[in-house]
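As stored in work.txt (compact mmCIF, C-alpha atoms):
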```
# COMPACT_ATOMS: atom_id res chain seq x y z
CA MET J 1 -30.38 3.97 9.12
CA SER J 2 -27.34 2.98 7.09
CA THR J 3 -24.03 2.77 8.86
CA ILE J 4 -20.39 2.61 7.91
CA GLN J 5 -20.49 -1.10 8.79
CA THR J 6 -23.30 -1.64 6.30
CA ALA J 7 -21.18 0.04 3.63
CA ILE J 8 -18.18 -2.14 4.50
CA GLU J 9 -20.34 -5.26 4.23
CA LEU J 10 -21.68 -4.15 0.86
CA ARG J 11 -18.18 -3.40 -0.41
CA SER J 12 -17.00 -6.81 0.79
CA ALA J 13 -20.00 -8.45 -0.88
CA GLY J 14 -19.06 -6.99 -4.26
CA LYS J 15 -21.55 -4.13 -4.19
CA PRO J 16 -19.27 -1.09 -4.22
CA GLU J 17 -21.77 1.29 -5.84
CA GLU J 18 -24.28 0.68 -3.05
CA ALA J 19 -21.52 1.10 -0.47
CA LYS J 20 -20.42 4.33 -2.12
CA GLN J 21 -23.93 5.79 -1.95
CA ILE J 22 -24.23 4.99 1.76
CA LEU J 23 -20.80 6.47 2.45
CA LEU J 24 -21.56 9.65 0.53
CA GLY J 25 -24.72 10.07 2.59
CA LEU J 26 -22.76 9.54 5.80
CA LEU J 27 -20.12 12.03 4.63
CA GLU J 28 -22.78 14.72 4.25
CA GLN J 29 -23.56 14.29 7.95
CA SER J 30 -19.91 14.03 9.05
CA PRO J 31 -17.63 15.61 6.40
CA GLU J 32 -14.48 15.34 8.52
CA ASP J 33 -14.91 11.74 9.70
CA PRO J 34 -11.63 10.01 8.77
CA ASP J 35 -13.18 6.53 8.81
CA ILE J 36 -15.88 7.49 6.31
CA LEU J 37 -13.27 9.22 4.15
CA TYR J 38 -11.07 6.12 4.20
CA GLN J 39 -13.92 3.83 3.27
CA LEU J 40 -14.85 6.17 0.40
CA ALA J 41 -11.27 6.08 -0.85
CA TRP J 42 -11.28 2.29 -0.69
CA VAL J 43 -14.58 2.01 -2.57
CA HIS J 44 -13.42 4.41 -5.28
CA ASP J 45 -10.21 2.41 -5.71
CA LEU J 46 -12.19 -0.80 -5.91
CA MET J 47 -14.39 0.70 -8.62
CA GLY J 48 -11.37 1.74 -10.70
CA LEU J 49 -11.85 5.40 -9.84
CA GLU J 50 -8.31 5.95 -8.58
CA GLY J 51 -8.21 9.67 -9.35
CA GLU J 52 -11.34 10.21 -7.28
CA ALA J 53 -9.97 8.07 -4.44
CA VAL J 54 -6.90 10.26 -3.85
CA PRO J 55 -8.56 13.24 -2.11
CA TYR J 56 -10.46 10.88 0.18
CA TYR J 57 -7.25 9.09 1.17
CA GLU J 58 -5.42 12.37 1.70
CA LYS J 59 -8.19 13.89 3.81
CA ALA J 60 -8.67 10.68 5.85
CA ILE J 61 -4.99 10.65 6.76
CA SER J 62 -4.81 14.39 7.49
CA SER J 63 -8.03 14.18 9.55
CA GLY J 64 -6.44 11.87 12.10
CA LEU J 65 -7.28 8.37 10.86
CA LYS J 66 -6.23 5.86 13.53
CA ASP J 67 -4.53 2.49 13.15
CA PRO J 68 -4.95 -0.03 11.68
CA GLU J 69 -6.93 1.96 9.10
CA ARG J 70 -4.18 4.60 8.82
CA ARG J 71 -1.71 1.91 7.79
CA GLY J 72 -4.14 0.72 5.10
CA ALA J 73 -4.80 4.26 3.93
CA LEU J 74 -1.10 5.00 3.49
CA LEU J 75 -0.66 1.80 1.51
CA GLY J 76 -3.76 2.55 -0.57
CA LEU J 77 -2.71 6.13 -1.26
CA GLY J 78 0.83 5.16 -2.24
CA SER J 79 -0.47 2.42 -4.51
CA THR J 80 -3.05 4.72 -6.06
CA TYR J 81 -0.45 7.40 -6.75
CA ARG J 82 1.66 4.72 -8.46
CA THR J 83 -1.18 3.56 -10.69
CA LEU J 84 -1.82 7.17 -11.68
CA GLY J 85 1.84 7.56 -12.69
CA LEU J 86 2.60 9.88 -9.76
CA TYR J 87 5.72 7.92 -8.88
CA ASN J 88 7.49 10.51 -6.75
CA LYS J 89 4.37 11.04 -4.62
CA SER J 90 4.01 7.27 -4.36
CA LYS J 91 7.63 6.94 -3.26
CA GLU J 92 7.15 9.64 -0.62
CA ILE J 93 4.08 7.91 0.84
CA PHE J 94 5.70 4.48 0.88
CA GLU J 95 8.80 5.90 2.58
CA ARG J 96 6.51 7.41 5.21
CA GLY J 97 4.73 4.06 5.62
CA ARG J 98 8.03 2.20 5.92
CA GLN J 99 9.17 4.67 8.58
CA ASP J 100 5.91 4.63 10.54
CA TYR J 101 5.39 0.85 10.22
CA PRO J 102 8.83 -0.76 9.95
CA GLN J 103 7.42 -4.26 10.55
CA ALA J 104 4.77 -3.91 7.82
CA ARG J 105 6.46 -5.79 5.01
CA GLU J 106 3.74 -4.92 2.51
CA PHE J 107 5.17 -1.41 2.26
CA ASN J 108 8.48 -2.81 0.99
CA VAL J 109 6.77 -4.76 -1.77
CA PHE J 110 4.69 -1.83 -3.00
CA TYR J 111 7.66 0.51 -2.59
CA ALA J 112 9.68 -1.83 -4.81
CA MET J 113 7.04 -1.49 -7.54
CA THR J 114 7.35 2.29 -7.36
CA LEU J 115 11.15 2.11 -7.42
CA HIS J 116 10.86 -0.02 -10.54
CA ASN J 117 8.67 2.65 -12.14
CA LEU J 118 11.32 5.23 -11.24
CA GLY J 119 14.05 3.14 -12.88
CA GLN J 120 15.67 2.17 -9.58
CA TYR J 121 15.76 -1.48 -10.56
CA ASP J 122 18.60 -2.59 -8.27
CA LYS J 123 16.94 -1.25 -5.13
CA ALA J 124 13.56 -2.65 -6.20
CA MET J 125 15.02 -6.12 -6.73
CA GLU J 126 16.91 -5.93 -3.44
CA LEU J 127 13.73 -5.21 -1.52
CA LEU J 128 11.76 -7.93 -3.26
CA LEU J 129 14.46 -10.56 -2.87
CA LYS J 130 14.81 -9.80 0.83
CA GLU J 131 11.06 -10.04 1.33
CA LEU J 132 10.93 -13.30 -0.61
CA GLY J 133 13.88 -14.77 1.23
CA GLU J 134 12.67 -13.72 4.66
CA THR J 135 8.98 -14.53 4.34
CA SER J 136 8.50 -17.41 1.92
CA SER J 137 7.38 -20.74 3.31
CA ASP J 138 8.27 -22.47 0.05
CA GLU J 139 10.69 -25.32 0.80
CA GLY J 140 13.04 -24.49 -2.08
CA ILE J 141 13.14 -20.78 -1.30
CA HIS J 142 13.63 -21.56 2.38
CA ARG J 143 16.53 -23.89 1.56
CA TYR J 144 18.35 -21.05 -0.25
CA GLN J 145 17.16 -18.23 2.00
CA ARG J 146 20.62 -17.16 3.13
CA ALA J 147 21.93 -16.97 -0.43
CA ILE J 148 18.86 -15.08 -1.71
CA VAL J 149 19.10 -12.49 1.05
CA PHE J 150 22.91 -12.28 0.75
CA TYR J 151 22.81 -11.59 -2.99
CA SER J 152 19.82 -9.26 -2.80
CA ASP J 153 22.03 -6.16 -2.73
CA LYS J 154 24.88 -7.61 -4.81
CA LEU J 155 23.10 -8.37 -8.10
CA ASN J 156 25.71 -6.61 -10.21
CA GLN J 157 28.75 -7.74 -8.24
CA VAL J 158 31.11 -10.16 -9.99
CA TRP J 159 33.44 -12.39 -8.00
CA GLU J 160 36.75 -13.57 -9.43
```
Please go through the file and, once you have read it, give me the structure as structure tokens.
Amino acid sequence: MSTIQTAIELRSAGKPEEAKQILLGLLEQSPEDPDILYQLAWVHDLMGLEGEAVPYYEKAISSGLKDPERRGALLGLGSTYRTLGLYNKSKEIFERGRQDYPQAREFNVFYAMTLHNLGQYDKAMELLLKELGETSSDEGIHRYQRAIVFYSDKLNQVWE
């Protein structure tokens, strides 16, 4: 009998169509299982079927998906909304992720992409510069970390 773990292994091995078929079969048996729904969303995203991934993400989250998968589902849903041009929905999901997982820096990076799409360039750059300054292990970036973080929210300020 195929299991969710088998599907995950197939997805990881570059066989998303096979994984999808297993997951669809499992979903027939357990239509409310948030883990199956999340894996289906992930597989659809991987296959470039973003529009089909959305309802799986949404239902996985609303069906009580637990961490760490919930964190991944929020990120996946926000990113998928962004790629579909649903920028306000993307922004809403990333704000929720940032609130629920304040230490999860990946939300800031993806949120910055959405802010860029919404024309909020200053805020997007601020977030990215802070993440770069605070997380980079590059010697040159590290050397100028304080300046990068300091200027992150002052990009348009002119000193006399």
Query raised in the report: Which one is closest to J:Leu49: J:Ile93, J:Ile8, J:Ile141, J:Leu84? Count only C-alpha atoms.
Result: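 Of the candidates, the smallest distance to J:Leu49 is held by J:Leu84.
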Query raised in the report: Got a sec: who's within 7 Å of J:Asn117, counting all atoms listed in the file, leaving out chain neighbours fewer than 3 positions off, as a list of chain:residue names?
Result: J:Tyr87, J:Met113, J:Thr114
Query - stretch 67-81 of chain J environment, 12 Å, all atoms listed in the file, sequence neighbours closer than 5 positions dropped, as a PyMOL selection string - result: chain J and resi 34-46+48-62+86-115+117
Query - Nearest-residue call for J:Glu32, choices J:Glu17, J:Ser2, J:Ser63, J:Met47, using all atoms listed in the file - result: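 Residue with the minimum atom-to-atom distance to J:Glu32: J:Ser63.
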Report summary line: note - atom CA of J:Ala147 and atom CA of J:Gly119 are separated by 24.9 Å
Query raised in the report: What separation in Å, quoted to one decimal, exists between atom CA of J:Glu160 and atom CA of J:Met125?
Result: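 A separation of 23.1 Å between them.
Here atom CA of J:Thr83 is placed at a distance of 17.7 Å from atom CA of J:Tyr121.
Residue nearest J:Ile148, chosen from J:Leu24, J:Leu129, J:Arg82, J:Thr135 and counting only C-alpha atoms: J:Leu129.
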Report task. May I have the residues within 6 Å of J:Glu126 as a ChimeraX atom specification, using all atoms listed in the file and disregarding those fewer than 2 positions away in the same chain? Result -> /J:123-124,128-129,152-153
Could you rebuild stretch 52-73 of chain J with N, CA, C and O atoms and give me the result as an mmCIF file, keeping the file's coordinate frame?
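Below is the file that was written, part14.cif:
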```cif
data_model
loop_
_atom_site.group_PDB
_atom_site.id
_atom_site.type_symbol
_atom_site.label_atom_id
_atom_site.label_comp_id
_atom_site.auth_asym_id
_atom_site.auth_seq_id
_atom_site.Cartn_x
_atom_site.Cartn_y
_atom_site.Cartn_z
ATOM 1 N N GLU J 52 -10.362 9.714 -8.245
ATOM 2 C CA GLU J 52 -11.340 10.210 -7.280
ATOM 3 C C GLU J 52 -11.050 9.705 -5.870
ATOM 4 O O GLU J 52 -11.500 10.308 -4.891
ATOM 5 N N ALA J 53 -10.308 8.622 -5.755
ATOM 6 C CA ALA J 53 -9.970 8.070 -4.440
ATOM 7 C C ALA J 53 -8.947 8.934 -3.704
ATOM 8 O O ALA J 53 -8.989 9.050 -2.478
ATOM 9 N N VAL J 54 -8.029 9.532 -4.455
ATOM 10 C CA VAL J 54 -6.900 10.260 -3.850
ATOM 11 C C VAL J 54 -7.325 11.295 -2.812
ATOM 12 O O VAL J 54 -6.823 11.278 -1.687
ATOM 13 N N PRO J 55 -8.236 12.230 -3.131
ATOM 14 C CA PRO J 55 -8.560 13.240 -2.110
ATOM 15 C C PRO J 55 -9.190 12.633 -0.853
ATOM 16 O O PRO J 55 -9.006 13.166 0.249
ATOM 17 N N TYR J 56 -9.897 11.534 -1.008
ATOM 18 C CA TYR J 56 -10.460 10.880 0.180
ATOM 19 C C TYR J 56 -9.352 10.278 1.039
ATOM 20 O O TYR J 56 -9.383 10.395 2.265
ATOM 21 N N TYR J 57 -8.397 9.624 0.412
ATOM 22 C CA TYR J 57 -7.250 9.090 1.170
ATOM 23 C C TYR J 57 -6.516 10.218 1.886
ATOM 24 O O TYR J 57 -6.228 10.137 3.079
ATOM 25 N N GLU J 58 -6.202 11.261 1.130
ATOM 26 C CA GLU J 58 -5.420 12.370 1.700
ATOM 27 C C GLU J 58 -6.146 12.997 2.885
ATOM 28 O O GLU J 58 -5.529 13.248 3.930
ATOM 29 N N LYS J 59 -7.431 13.237 2.736
ATOM 30 C CA LYS J 59 -8.190 13.890 3.810
ATOM 31 C C LYS J 59 -8.366 12.943 5.004
ATOM 32 O O LYS J 59 -8.321 13.378 6.152
ATOM 33 N N ALA J 60 -8.545 11.644 4.745
ATOM 34 C CA ALA J 60 -8.670 10.680 5.850
ATOM 35 C C ALA J 60 -7.412 10.688 6.695
ATOM 36 O O ALA J 60 -7.478 10.741 7.933
ATOM 37 N N ILE J 61 -6.268 10.671 6.039
ATOM 38 C CA ILE J 61 -4.990 10.650 6.760
ATOM 39 C C ILE J 61 -4.783 11.962 7.508
ATOM 40 O O ILE J 61 -4.431 11.957 8.692
ATOM 41 N N SER J 62 -5.035 13.087 6.844
ATOM 42 C CA SER J 62 -4.810 14.390 7.490
ATOM 43 C C SER J 62 -5.856 14.689 8.566
ATOM 44 O O SER J 62 -5.633 15.548 9.422
ATOM 45 N N SER J 63 -6.973 13.967 8.550
ATOM 46 C CA SER J 63 -8.030 14.180 9.550
ATOM 47 C C SER J 63 -7.845 13.307 10.793
ATOM 48 O O SER J 63 -8.738 13.253 11.637
ATOM 49 N N GLY J 64 -6.731 12.617 10.883
ATOM 50 C CA GLY J 64 -6.440 11.870 12.100
ATOM 51 C C GLY J 64 -6.890 10.417 12.095
ATOM 52 O O GLY J 64 -7.207 9.869 13.153
ATOM 53 N N LEU J 65 -6.913 9.790 10.943
ATOM 54 C CA LEU J 65 -7.280 8.370 10.860
ATOM 55 C C LEU J 65 -6.371 7.561 11.777
ATOM 56 O O LEU J 65 -5.155 7.742 11.796
ATOM 57 N N LYS J 66 -6.965 6.677 12.552
ATOM 58 C CA LYS J 66 -6.230 5.860 13.530
ATOM 59 C C LYS J 66 -5.890 4.493 12.942
ATOM 60 O O LYS J 66 -6.513 4.028 11.999
ATOM 61 N N ASP J 67 -4.914 3.842 13.564
ATOM 62 C CA ASP J 67 -4.530 2.490 13.150
ATOM 63 C C ASP J 67 -5.590 1.494 13.560
ATOM 64 O O ASP J 67 -6.261 1.704 14.556
ATOM 65 N N PRO J 68 -5.751 0.428 12.824
ATOM 66 C CA PRO J 68 -4.950 -0.030 11.680
ATOM 67 C C PRO J 68 -5.377 0.593 10.356
ATOM 68 O O PRO J 68 -4.708 0.390 9.337
ATOM 69 N N GLU J 69 -6.445 1.370 10.353
ATOM 70 C CA GLU J 69 -6.930 1.960 9.100
ATOM 71 C C GLU J 69 -5.912 2.927 8.499
ATOM 72 O O GLU J 69 -5.762 2.989 7.276
ATOM 73 N N ARG J 70 -5.189 3.656 9.329
ATOM 74 C CA ARG J 70 -4.180 4.600 8.820
ATOM 75 C C ARG J 70 -3.132 3.862 7.995
ATOM 76 O O ARG J 70 -2.722 4.312 6.931
ATOM 77 N N ARG J 71 -2.697 2.735 8.507
ATOM 78 C CA ARG J 71 -1.710 1.910 7.790
ATOM 79 C C ARG J 71 -2.256 1.521 6.416
ATOM 80 O O ARG J 71 -1.562 1.633 5.410
ATOM 81 N N GLY J 72 -3.514 1.080 6.371
ATOM 82 C CA GLY J 72 -4.140 0.720 5.100
ATOM 83 C C GLY J 72 -4.309 1.899 4.180
ATOM 84 O O GLY J 72 -4.156 1.778 2.957
ATOM 85 N N ALA J 73 -4.613 3.056 4.740
ATOM 86 C CA ALA J 73 -4.800 4.260 3.930
ATOM 87 C C ALA J 73 -3.484 4.709 3.304
ATOM 88 O O ALA J 73 -3.454 5.113 2.137
#
```
